[in-house]
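Reproduced below: model.cif, with mmCIF, C-alpha atoms (C1' of nucleotides).
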data_final
#
loop_
_atom_site.label_atom_id
_atom_site.label_comp_id
_atom_site.auth_asym_id
_atom_site.auth_seq_id
_atom_site.Cartn_x
_atom_site.Cartn_y
_atom_site.Cartn_z
CA MET A 1 66.16 117.45 101.41
CA PRO A 2 67.78 115.24 104.08
CA GLY A 3 68.04 116.81 107.54
CA ALA A 4 65.39 119.23 108.69
CA GLN A 5 64.63 122.91 109.21
CA PRO A 6 65.82 125.79 107.12
CA ASN A 7 68.84 126.64 105.11
CA ALA A 8 71.92 124.64 106.07
CA ARG A 9 74.14 127.68 105.87
CA THR A 10 72.24 129.63 108.50
CA ARG A 11 71.89 126.50 110.61
CA LEU A 12 75.68 126.38 110.70
CA VAL A 13 75.85 130.05 111.63
CA ASP A 14 73.37 129.53 114.46
CA ALA A 15 75.34 126.54 115.68
CA ALA A 16 78.53 128.61 115.61
CA ILE A 17 76.86 131.39 117.62
CA GLU A 18 75.82 128.93 120.30
CA SER A 19 79.22 127.28 120.43
CA PHE A 20 81.35 130.43 120.32
CA ALA A 21 79.21 132.06 123.03
CA ALA A 22 79.43 129.02 125.29
CA LYS A 23 83.06 128.02 124.86
CA GLY A 24 84.74 130.89 123.07
CA PHE A 25 86.15 130.87 119.55
CA HIS A 26 89.30 128.94 120.41
CA GLY A 27 87.40 126.59 122.71
CA THR A 28 85.09 125.61 119.88
CA THR A 29 86.08 123.07 117.23
CA THR A 30 84.72 122.95 113.72
CA ARG A 31 83.41 119.51 114.66
CA ASP A 32 81.38 121.11 117.49
CA ILE A 33 79.77 123.48 115.04
CA ALA A 34 79.05 120.79 112.49
CA SER A 35 77.51 118.38 114.95
CA ALA A 36 75.42 121.14 116.59
CA ALA A 37 74.04 121.80 113.11
CA GLY A 38 73.47 118.06 112.62
CA MET A 39 76.02 117.67 109.86
CA SER A 40 79.41 116.10 109.19
CA PRO A 41 82.61 118.03 109.95
CA ALA A 42 83.27 118.66 106.26
CA ALA A 43 79.88 120.36 105.78
CA VAL A 44 81.16 123.52 107.46
CA TYR A 45 83.48 124.07 104.51
CA VAL A 46 80.80 123.61 101.91
CA HIS A 47 79.13 126.80 103.15
CA HIS A 48 81.90 128.76 104.86
CA LYS A 49 85.49 129.50 104.01
CA SER A 50 86.97 128.96 107.45
CA LYS A 51 86.17 129.00 111.14
CA GLU A 52 87.49 132.55 111.36
CA ASP A 53 85.23 133.57 108.50
CA LEU A 54 82.23 132.31 110.44
CA LEU A 55 83.29 134.45 113.39
CA TYR A 56 83.71 137.45 111.12
CA LEU A 57 80.25 136.98 109.66
CA ILE A 58 78.69 136.74 113.12
CA SER A 59 80.68 139.69 114.41
CA LYS A 60 79.88 141.87 111.42
CA GLU A 61 76.16 141.20 111.47
CA GLY A 62 76.09 141.73 115.22
CA HIS A 63 77.86 145.06 114.97
CA GLU A 64 75.70 146.19 112.06
CA ARG A 65 72.61 145.42 114.07
CA THR A 66 73.89 147.21 117.15
CA LEU A 67 74.85 150.31 115.18
CA ARG A 68 71.41 150.35 113.52
CA LEU A 69 69.77 150.07 116.93
CA VAL A 70 71.69 153.05 118.25
CA GLU A 71 71.02 155.13 115.16
CA GLU A 72 67.31 154.42 115.31
CA GLY A 73 67.27 155.52 118.93
CA VAL A 74 68.99 158.77 118.05
CA ALA A 75 66.64 159.36 115.13
CA SER A 76 63.55 158.76 117.24
CA SER A 77 63.55 162.29 118.66
CA ALA A 78 65.32 165.64 118.61
CA ASP A 79 65.37 165.83 122.40
CA PRO A 80 68.59 164.45 123.95
CA VAL A 81 66.66 163.13 126.93
CA GLU A 82 64.36 161.12 124.69
CA GLN A 83 67.27 160.07 122.51
CA LEU A 84 69.21 158.74 125.48
CA ARG A 85 66.11 156.97 126.75
CA ALA A 86 65.50 155.31 123.38
CA VAL A 87 69.14 154.33 122.83
CA MET A 88 69.66 152.94 126.30
CA ARG A 89 66.40 151.04 126.21
CA ALA A 90 67.20 149.37 122.91
CA PHE A 91 70.86 148.83 123.77
CA ALA A 92 70.28 147.21 127.16
CA ALA A 93 67.37 145.08 125.97
CA HIS A 94 69.41 143.91 123.00
CA HIS A 95 72.36 142.88 125.14
CA ALA A 96 70.02 140.90 127.38
CA ARG A 97 67.80 139.30 124.75
CA GLY A 98 70.71 138.72 122.39
CA HIS A 99 73.34 137.97 125.01
CA THR A 100 74.53 134.90 123.11
CA GLY A 101 75.47 136.83 120.01
CA ALA A 102 76.50 139.90 121.99
CA ARG A 103 79.11 137.90 123.86
CA ILE A 104 80.80 137.01 120.60
CA VAL A 105 80.52 140.59 119.35
CA ASN A 106 82.15 141.99 122.47
CA TYR A 107 84.53 139.33 123.73
CA GLU A 108 85.90 137.56 120.66
CA LEU A 109 87.45 140.50 118.84
CA ALA A 110 90.96 139.19 119.48
CA ALA A 111 90.23 136.06 117.45
CA LEU A 112 89.54 138.04 114.27
CA ASN A 113 92.31 138.46 111.74
CA GLU A 114 93.86 141.86 111.15
CA GLU A 115 91.72 143.08 108.24
CA HIS A 116 88.49 141.83 109.73
CA LEU A 117 89.34 143.41 113.07
CA ALA A 118 90.06 146.73 111.40
CA GLU A 119 86.67 146.67 109.74
CA ILE A 120 84.88 145.76 112.97
CA ARG A 121 86.68 148.51 114.86
CA GLU A 122 85.02 151.00 112.51
CA TYR A 123 81.59 149.88 113.65
CA ARG A 124 82.61 150.23 117.27
CA ARG A 125 84.03 153.68 116.69
CA ALA A 126 80.76 154.72 115.02
CA ILE A 127 78.66 153.36 117.89
CA GLU A 128 80.76 155.24 120.43
CA GLN A 129 80.51 158.40 118.36
CA ARG A 130 76.71 158.24 118.28
CA MET A 131 76.50 157.90 122.03
CA ARG A 132 79.02 160.69 122.55
CA ASP A 133 76.92 162.92 120.29
CA VAL A 134 73.80 162.34 122.37
CA VAL A 135 75.58 163.19 125.61
CA THR A 136 77.32 166.29 124.28
CA ALA A 137 74.08 167.50 122.68
CA GLY A 138 72.37 167.18 126.05
CA VAL A 139 75.17 169.07 127.78
CA ALA A 140 75.04 171.80 125.10
CA ALA A 141 71.27 172.07 125.53
CA ASP A 142 71.79 172.30 129.28
CA VAL A 143 69.56 169.32 129.99
CA PHE A 144 72.51 167.11 130.97
CA ALA A 145 75.31 167.95 133.38
CA THR A 146 78.47 165.87 133.51
CA SER A 147 82.08 166.80 134.12
CA ASN A 148 83.41 164.39 131.49
CA PRO A 149 80.93 163.74 128.65
CA ARG A 150 83.29 161.43 126.79
CA MET A 151 83.88 159.15 129.73
CA THR A 152 80.21 159.25 130.62
CA ALA A 153 79.25 158.18 127.10
CA LEU A 154 81.74 155.33 127.29
CA ALA A 155 80.36 154.30 130.67
CA LEU A 156 76.81 154.23 129.29
CA LEU A 157 77.82 151.86 126.50
CA SER A 158 79.98 149.88 128.88
CA LEU A 159 77.06 149.38 131.24
CA GLY A 160 74.89 148.11 128.40
CA ILE A 161 77.54 145.82 126.93
CA ASP A 162 78.23 144.15 130.25
CA VAL A 163 74.61 143.03 130.44
CA ALA A 164 75.59 140.38 127.89
CA ARG A 165 78.10 138.99 130.38
CA TRP A 166 75.85 138.64 133.42
CA TYR A 167 72.40 138.13 131.92
CA ARG A 168 70.86 134.66 132.32
CA ASP A 169 67.69 133.49 130.62
CA GLU A 170 66.64 131.76 133.84
CA GLY A 171 67.11 134.93 135.90
CA ASP A 172 64.43 136.98 137.60
CA TRP A 173 64.49 139.88 135.18
CA ALA A 174 63.14 140.08 131.65
CA PRO A 175 65.09 142.14 129.11
CA GLU A 176 62.39 144.84 129.40
CA ASP A 177 62.83 145.09 133.17
CA ILE A 178 66.52 145.67 132.68
CA ALA A 179 65.89 148.15 129.90
CA ASP A 180 63.53 150.16 132.12
CA HIS A 181 65.90 150.34 135.04
CA TYR A 182 68.89 151.07 132.83
CA CYS A 183 67.03 154.05 131.34
CA GLU A 184 66.66 155.47 134.80
CA LEU A 185 70.33 154.82 135.58
CA ALA A 186 71.41 156.40 132.31
CA LEU A 187 69.45 159.58 132.92
CA ARG A 188 70.94 159.84 136.37
CA MET A 189 74.47 159.24 135.09
CA VAL A 190 74.25 162.14 132.67
CA GLY A 191 72.72 164.35 135.37
CA ALA A 192 69.47 164.84 133.48
CA ALA A 193 67.28 167.55 134.94
CA GLN A 194 63.98 166.14 136.14
CA MET B 1 120.79 129.48 138.78
CA PRO B 2 120.51 129.62 134.99
CA GLY B 3 117.86 132.07 133.69
CA ALA B 4 117.28 135.32 135.46
CA GLN B 5 114.93 137.16 137.78
CA PRO B 6 112.88 135.75 140.59
CA ASN B 7 111.21 132.50 141.39
CA ALA B 8 110.51 130.40 138.31
CA ARG B 9 107.08 129.46 139.55
CA THR B 10 105.80 133.03 139.73
CA ARG B 11 107.52 133.83 136.45
CA LEU B 12 105.36 131.14 134.88
CA VAL B 13 102.25 132.56 136.53
CA ASP B 14 103.04 136.03 135.23
CA ALA B 15 103.62 134.64 131.77
CA ALA B 16 100.28 132.81 131.95
CA ILE B 17 98.49 136.01 132.99
CA GLU B 18 99.89 137.88 130.02
CA SER B 19 99.07 135.08 127.61
CA PHE B 20 95.58 134.27 128.90
CA ALA B 21 94.64 137.96 128.90
CA ALA B 22 95.89 138.51 125.36
CA LYS B 23 94.68 135.35 123.66
CA GLY B 24 92.26 133.72 126.08
CA PHE B 25 92.76 130.41 127.90
CA HIS B 26 92.02 128.21 124.90
CA GLY B 27 93.98 130.46 122.56
CA THR B 28 97.09 130.06 124.71
CA THR B 29 99.34 127.00 124.49
CA THR B 30 101.50 125.69 127.28
CA ARG B 31 104.42 126.37 124.94
CA ASP B 32 103.39 130.06 124.81
CA ILE B 33 103.51 130.25 128.58
CA ALA B 34 106.83 128.43 128.86
CA SER B 35 108.58 130.52 126.25
CA ALA B 36 107.18 133.77 127.68
CA ALA B 37 108.78 132.71 130.95
CA GLY B 38 112.01 131.84 129.13
CA MET B 39 111.82 128.14 129.79
CA SER B 40 111.25 124.85 127.97
CA PRO B 41 107.71 123.52 127.49
CA ALA B 42 108.20 120.85 130.12
CA ALA B 43 109.11 123.40 132.80
CA VAL B 44 105.46 124.38 133.19
CA TYR B 45 104.79 120.94 134.65
CA VAL B 46 107.62 121.09 137.13
CA HIS B 47 105.81 123.90 138.93
CA HIS B 48 102.17 123.49 138.00
CA LYS B 49 99.85 120.53 137.71
CA SER B 50 98.13 121.56 134.49
CA LYS B 51 97.20 124.51 132.34
CA GLU B 52 93.77 124.60 133.95
CA ASP B 53 95.39 124.65 137.37
CA LEU B 54 97.34 127.74 136.39
CA LEU B 55 94.08 129.41 135.38
CA TYR B 56 92.49 128.40 138.66
CA LEU B 57 95.38 129.83 140.64
CA ILE B 58 95.19 133.14 138.76
CA SER B 59 91.42 133.28 139.03
CA LYS B 60 91.40 132.46 142.73
CA GLU B 61 94.03 135.03 143.66
CA GLY B 62 92.29 137.62 141.51
CA HIS B 63 88.94 137.01 143.15
CA GLU B 64 90.45 137.00 146.63
CA ARG B 65 92.05 140.32 145.95
CA THR B 66 88.87 141.83 144.55
CA LEU B 67 86.79 140.65 147.50
CA ARG B 68 89.37 142.06 149.91
CA LEU B 69 89.25 145.38 148.07
CA VAL B 70 85.48 145.59 148.38
CA GLU B 71 85.51 144.59 152.03
CA GLU B 72 88.12 147.20 152.85
CA GLY B 73 85.99 149.82 151.15
CA VAL B 74 82.96 148.83 153.19
CA ALA B 75 85.00 148.79 156.41
CA SER B 76 86.42 152.25 155.76
CA SER B 77 83.33 154.04 157.07
CA ALA B 78 79.90 153.55 158.58
CA ASP B 79 78.31 156.00 156.16
CA PRO B 80 76.87 154.32 153.03
CA VAL B 81 77.84 157.32 150.90
CA GLU B 82 81.47 157.04 151.99
CA GLN B 83 81.36 153.28 151.67
CA LEU B 84 80.10 153.44 148.11
CA ARG B 85 82.70 156.05 147.27
CA ALA B 86 85.51 153.92 148.69
CA VAL B 87 84.33 150.70 147.09
CA MET B 88 83.74 152.20 143.68
CA ARG B 89 87.05 154.04 143.73
CA ALA B 90 89.02 150.91 144.56
CA PHE B 91 86.99 148.67 142.29
CA ALA B 92 87.23 150.87 139.20
CA ALA B 93 90.91 151.70 139.71
CA HIS B 94 91.69 148.00 140.18
CA HIS B 95 89.93 146.99 136.98
CA ALA B 96 91.88 149.64 135.08
CA ARG B 97 95.30 149.14 136.63
CA GLY B 98 94.94 145.38 136.77
CA HIS B 99 92.98 144.97 133.56
CA THR B 100 95.23 142.12 132.43
CA GLY B 101 94.44 139.93 135.39
CA ALA B 102 90.88 141.22 135.64
CA ARG B 103 90.12 140.03 132.12
CA ILE B 104 91.00 136.49 133.11
CA VAL B 105 89.04 136.79 136.34
CA ASN B 106 85.90 137.96 134.55
CA TYR B 107 85.99 136.39 131.10
CA GLU B 108 87.63 132.98 131.51
CA LEU B 109 85.27 131.43 134.04
CA ALA B 110 83.95 128.97 131.46
CA ALA B 111 87.40 127.41 131.09
CA LEU B 112 87.54 126.36 134.75
CA ASN B 113 86.55 122.83 135.67
CA GLU B 114 83.41 122.20 137.67
CA GLU B 115 84.84 122.18 141.19
CA HIS B 116 87.06 125.15 140.61
CA LEU B 117 84.19 127.09 139.05
CA ALA B 118 81.98 126.31 142.04
CA GLU B 119 84.62 127.68 144.39
CA ILE B 120 85.11 130.81 142.31
CA ARG B 121 81.37 131.43 142.15
CA GLU B 122 81.39 131.73 145.92
CA TYR B 123 83.77 134.67 145.72
CA ARG B 124 81.58 136.35 143.14
CA ARG B 125 78.47 135.81 145.21
CA ALA B 126 80.23 137.36 148.20
CA ILE B 127 81.36 140.37 146.21
CA GLU B 128 77.84 140.97 144.93
CA GLN B 129 76.46 140.59 148.43
CA ARG B 130 78.81 143.25 149.82
CA MET B 131 77.78 145.72 147.15
CA ARG B 132 74.12 144.95 147.66
CA ASP B 133 74.52 145.56 151.38
CA VAL B 134 75.98 149.01 150.79
CA VAL B 135 73.14 150.01 148.49
CA THR B 136 70.37 148.67 150.72
CA ALA B 137 71.96 150.28 153.78
CA GLY B 138 71.93 153.60 151.95
CA VAL B 139 68.30 153.16 150.98
CA ALA B 140 67.39 152.22 154.55
CA ALA B 141 69.20 155.30 155.86
CA ASP B 142 67.33 157.38 153.28
CA VAL B 143 70.54 158.72 151.74
CA PHE B 144 70.07 156.63 148.56
CA ALA B 145 66.94 156.37 146.44
CA THR B 146 66.59 153.66 143.84
CA SER B 147 63.60 151.65 142.68
CA ASN B 148 65.55 148.40 142.41
CA PRO B 149 68.50 148.21 144.82
CA ARG B 150 69.51 144.73 143.70
CA MET B 151 69.75 145.64 140.04
CA THR B 152 71.45 148.89 140.87
CA ALA B 153 74.10 147.07 142.91
CA LEU B 154 74.66 144.67 140.02
CA ALA B 155 74.95 147.60 137.63
CA LEU B 156 77.56 149.27 139.82
CA LEU B 157 79.74 146.15 139.81
CA SER B 158 79.05 145.62 136.13
CA LEU B 159 80.23 149.12 135.32
CA GLY B 160 83.47 148.56 137.21
CA ILE B 161 84.13 145.13 135.75
CA ASP B 162 83.71 146.32 132.19
CA VAL B 163 86.56 148.80 132.69
CA ALA B 164 88.86 145.80 132.33
CA ARG B 165 87.48 145.23 128.83
CA TRP B 166 87.89 148.73 127.41
CA TYR B 167 90.83 150.13 129.38
CA ARG B 168 94.09 150.63 127.46
CA ASP B 169 97.43 151.56 129.03
CA GLU B 170 98.06 153.96 126.15
CA GLY B 171 94.72 155.71 126.62
CA ASP B 172 94.14 159.26 127.79
CA TRP B 173 92.92 158.40 131.26
CA ALA B 174 94.86 157.17 134.26
CA PRO B 175 93.18 154.64 136.57
CA GLU B 176 92.67 157.44 139.11
CA ASP B 177 90.83 159.61 136.56
CA ILE B 178 88.46 156.76 135.89
CA ALA B 179 88.06 156.05 139.61
CA ASP B 180 87.13 159.70 140.26
CA HIS B 181 84.55 159.88 137.54
CA TYR B 182 83.11 156.47 138.38
CA CYS B 183 82.57 157.62 141.99
CA GLU B 184 80.47 160.46 140.70
CA LEU B 185 78.53 158.14 138.40
CA ALA B 186 77.98 155.64 141.21
CA LEU B 187 76.57 158.25 143.57
CA ARG B 188 74.23 159.44 140.86
CA MET B 189 73.10 155.91 140.02
CA VAL B 190 72.04 155.25 143.59
CA GLY B 191 70.32 158.64 143.76
CA ALA B 192 72.53 159.90 146.57
CA ALA B 193 71.30 163.11 148.15
CA GLN B 194 73.76 165.93 147.62
"C1'" DC C 1 67.48 106.83 79.69
"C1'" DG C 2 72.24 109.39 80.27
"C1'" DC C 3 74.29 113.38 82.09
"C1'" DG C 4 75.44 117.12 84.76
"C1'" DT C 5 74.94 119.65 89.13
"C1'" DG C 6 75.10 120.70 93.85
"C1'" DG C 7 74.62 119.46 98.86
"C1'" DC C 8 76.70 116.48 101.57
"C1'" DT C 9 79.99 112.81 103.73
"C1'" DA C 10 83.93 109.23 104.67
"C1'" DA C 11 88.36 109.30 105.14
"C1'" DG C 12 92.34 111.23 106.14
"C1'" DC C 13 96.54 114.64 105.91
"C1'" DG C 14 99.84 117.37 108.24
"C1'" DC C 15 100.30 119.73 112.23
"C1'" DT C 16 99.67 121.21 117.01
"C1'" DT C 17 97.99 120.19 121.41
"C1'" DG C 18 98.53 119.05 126.66
"C1'" DC C 19 101.31 116.38 129.04
"C1'" DT C 20 104.94 112.50 130.20
"C1'" DT C 21 109.25 110.15 130.33
"C1'" DA C 22 113.82 109.69 130.93
"C1'" DG C 23 117.24 111.87 131.64
"C1'" DT C 24 121.22 116.03 132.51
"C1'" DG C 25 123.99 119.12 135.03
"C1'" DG C 26 124.81 121.82 139.14
"C1'" DT C 27 124.93 121.97 144.19
"C1'" DA C 28 125.59 120.41 148.76
"C1'" DA C 29 125.88 117.15 152.45
"C1'" DG C 30 128.50 113.04 154.22
"C1'" DC D 1 135.01 111.21 146.02
"C1'" DT D 2 130.33 109.49 146.47
"C1'" DT D 3 125.71 110.16 146.86
"C1'" DA D 4 121.42 112.33 146.90
"C1'" DC D 5 118.72 115.86 145.38
"C1'" DC D 6 116.64 119.51 142.78
"C1'" DA D 7 115.50 122.59 138.79
"C1'" DC D 8 115.21 121.95 134.45
"C1'" DT D 9 115.26 120.01 129.45
"C1'" DA D 10 115.19 116.93 125.00
"C1'" DA D 11 112.41 114.09 122.96
"C1'" DG D 12 108.30 112.29 122.07
"C1'" DC D 13 103.42 110.18 122.59
"C1'" DA D 14 98.48 109.91 121.87
"C1'" DA D 15 94.85 112.68 120.80
"C1'" DG D 16 92.72 116.35 118.67
"C1'" DC D 17 92.96 120.23 115.47
"C1'" DG D 18 91.50 122.96 110.91
"C1'" DC D 19 90.86 121.83 106.60
"C1'" DT D 20 91.05 118.98 101.96
"C1'" DT D 21 90.16 115.32 98.80
"C1'" DA D 22 87.53 112.21 96.42
"C1'" DG D 23 83.36 110.63 95.66
"C1'" DC D 24 78.33 109.49 96.72
"C1'" DC D 25 73.51 110.32 95.89
"C1'" DA D 26 69.16 112.73 94.89
"C1'" DC D 27 67.65 115.71 91.67
"C1'" DG D 28 66.30 118.32 87.07
"C1'" DC D 29 66.91 118.41 82.21
"C1'" DG D 30 67.57 116.63 77.46
#
Please rewrite the model in this file as structure tokens.
Amino acid sequence: MPGAQPNARTRLVDAAIESFAAKGFHGTTTRDIASAAGMSPAAVYVHHKSKEDLLYLISKEGHERTLRLVEEGVASSADPVEQLRAVMRAFAAHHARGHTGARIVNYELAALNEEHLAEIREYRRAIEQRMRDVVTAGVAADVFATSNPRMTALALLSLGIDVARWYRDEGDWAPEDIADHYCELALRMVGAAQ
Amino acid sequence: MPGAQPNARTRLVDAAIESFAAKGFHGTTTRDIASAAGMSPAAVYVHHKSKEDLLYLISKEGHERTLRLVEEGVASSADPVEQLRAVMRAFAAHHARGHTGARIVNYELAALNEEHLAEIREYRRAIEQRMRDVVTAGVAADVFATSNPRMTALALLSLGIDVARWYRDEGDWAPEDIADHYCELALRMVGAAQ
DNA sequence: CGCGTGGCTAAGCGCTTGCTTAGTGGTAAG
DNA sequence: CTTACCACTAAGCAAGCGCTTAGCCACGCG
């Protein structure tokens, strides 16, 4: 065991996450990734097929995690108000706490190849569907009131996703502060009765 | 006059906007830009200093335009409710209609050099300040009610910016449809009295 | 001990990159 | 006709790119 720390493969993945988030997929070289993981350029290819494959792995795991988050929020209650609260809390906090990975998930889709992109799009479609279901259930139960449930659902996700763009670790707000306030905003956006 | 159409310089800028928006700054080559403008690779350097300088020019003009938009919205009325309506309408519609340029403005900041980035940050700070002023004025006038005006103002801008990410020309909604609905959402987010 | 195995690297291949150099051809003034 | 100028290009340079090849070295097993 030469270097340090855990598994070299995951060290490379972590290095790729840092690099892709900071400089974008095309702005990152395989040498950047290797040296951030403390290895030689060739080491990347011992553990991963290609640079694009690393991106795909990161994107896939990120989307899986996000979908799971949303589904757990929906499953946490039968009340649309509580569902929305749970989903928005988890979604916003995740995009703050995990802004590094979330930037890749949301802004590097164009760098994926065709098949990989098609697969990732499925996750995104599923996430949107879950949020749409929550909003339409609330409207049907007459606890939400919005003139365009589909656009409102998209706006809710959009608001959460964009946290990954503006969030800074050195900022004044902790992920939980943002999650709290975003819950309030979400309930207002859907016109939740209070 | 060999090629066609207007001014070669602006043709190159337009080509750069298309390319940067589609593939990102680092994913675009100077040859991409030149050939999209119907010229040889060297022609880029007849009219522009460097690839980064093209990005700077696009980013600067985009930010100037956005700031102007926000300021016009604020100036359109003395009533915070009307101000917010005007700003959100213009802001959302702009990020839909001009999503190509807006993507560069919002997602390619990291590709700017240090001085250029510093200058661009000033525009962004000013835009945020204008929005914050509208929200705090509304709270002071007791027509808005929000527990965290600063975060709410950021969320309003965030919501508008992210339109540039998800908007598609082939989609079901026109920029005006989005602008209308986003006005409603904005007023709800700030807790505007109805 | 010899032998295989598996994580890792030194070196480098073929290609593309941003950008430069040395012009070319068309236009217009003198 | 000469001269100067301007928009543009053909060709190419040095550097950097993603990725491969060949092989090293520490290890476990007989």
Requested in this report: Give the residues of chain A that lie within 10 Å of chain D; count only C-alpha atoms (C1' of nucleotides), and format the answer as an NGL selection string.
Outcome: :A and (1-2 or 29-31 or 41-42 or 44-45 or 49-51)
Resulting file, chosen residues, C-alpha atoms, as a PDB file, in the frame of the given file:
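result_29.pdb written:
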ATOM      1  CA  MET A   1      66.160 117.450 101.410  1.00  0.00           C
ATOM      2  CA  PRO A   2      67.780 115.240 104.080  1.00  0.00           C
ATOM      3  CA  THR A  29      86.080 123.070 117.230  1.00  0.00           C
ATOM      4  CA  THR A  30      84.720 122.950 113.720  1.00  0.00           C
ATOM      5  CA  ARG A  31      83.410 119.510 114.660  1.00  0.00           C
ATOM      6  CA  PRO A  41      82.610 118.030 109.950  1.00  0.00           C
ATOM      7  CA  ALA A  42      83.270 118.660 106.260  1.00  0.00           C
ATOM      8  CA  VAL A  44      81.160 123.520 107.460  1.00  0.00           C
ATOM      9  CA  TYR A  45      83.480 124.070 104.510  1.00  0.00           C
ATOM     10  CA  LYS A  49      85.490 129.500 104.010  1.00  0.00           C
ATOM     11  CA  SER A  50      86.970 128.960 107.450  1.00  0.00           C
ATOM     12  CA  LYS A  51      86.170 129.000 111.140  1.00  0.00           C
TER      13      LYS A  51
END
Per residue of chain B within 7 Å of chain A, which atom pair is closest and at what distance in Å (one decimal), using all atoms listed in the file, listed by chain and increasing number, as CSV?
residue,atom,partner,partner_atom,distance
B:Lys23,CA,A:Ala110,CA,6.8
B:His26,CA,A:His26,CA,5.3
B:Gly27,CA,A:His26,CA,5.4
B:Ala110,CA,A:Lys23,CA,6.7
B:Ala155,CA,A:Leu159,CA,7.0
B:Ser158,CA,A:Asp162,CA,6.1
B:Leu159,CA,A:Leu159,CA,5.2
B:Asp162,CA,A:Ser158,CA,6.1
B:Leu185,CA,A:Met189,CA,5.4
B:Arg188,CA,A:Arg188,CA,5.6
B:Met189,CA,A:Leu185,CA,5.3
Produce the centre coordinates and the three edge lengths, each in Å to one decimal, of the box along x, y and z that contains all listed atoms of region 118-128 of chain A with 4 Å added on each side, as AutoDock Vina command-line options.
--center_x 84.4 --center_y 150.5 --center_z 115.1 --size_x 19.4 --size_y 17.5 --size_z 18.7
Quick one: contact table of chain C to chain A, 12 Å max, nearest atom pair and distance in Å to one decimal per residue, counting only C-alpha atoms (C1' of nucleotides), chain and number order, as a tab-separated table?
residue	atom	partner	partner_atom	distance
C:DG6	C1'	A:Val46	CA	10.3
C:DG7	C1'	A:Val46	CA	8.0
C:DC8	C1'	A:Ala43	CA	6.5
C:DT9	C1'	A:Ser40	CA	6.4
C:DA10	C1'	A:Ser40	CA	9.4
C:DA11	C1'	A:Ala42	CA	10.7
C:DG12	C1'	A:Ala42	CA	11.7
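Taking CA of Pro80 (chain A) and CA of Glu64 (chain A) as the two end points, the separation is 22.9 Å.
When CA of Leu112 (chain A) is paired with CA of His63 (chain A), their separation reads 13.6 Å.
For the file at hand, the PyMOL selection byres ((chain A and resi 137) around 12) resolves to Val74, Ala78, Asp79, Pro80, Val81, Glu82, Gln83, Leu84, Gln129, Arg130, Met131, Arg132, Asp133, Val134, Val135, Thr136, Gly138, Val139, Ala140, Ala141, Asp142, Val143, Phe144, Ala145, Thr146, Pro149, Arg150, Ala153 and Val190 of chain A.
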**Report entry** Point-to-point distance from CA of Ile58 (chain B) to CA of Leu12 (chain B), Å rounded to tenths
**Finding:** 11.1 Å
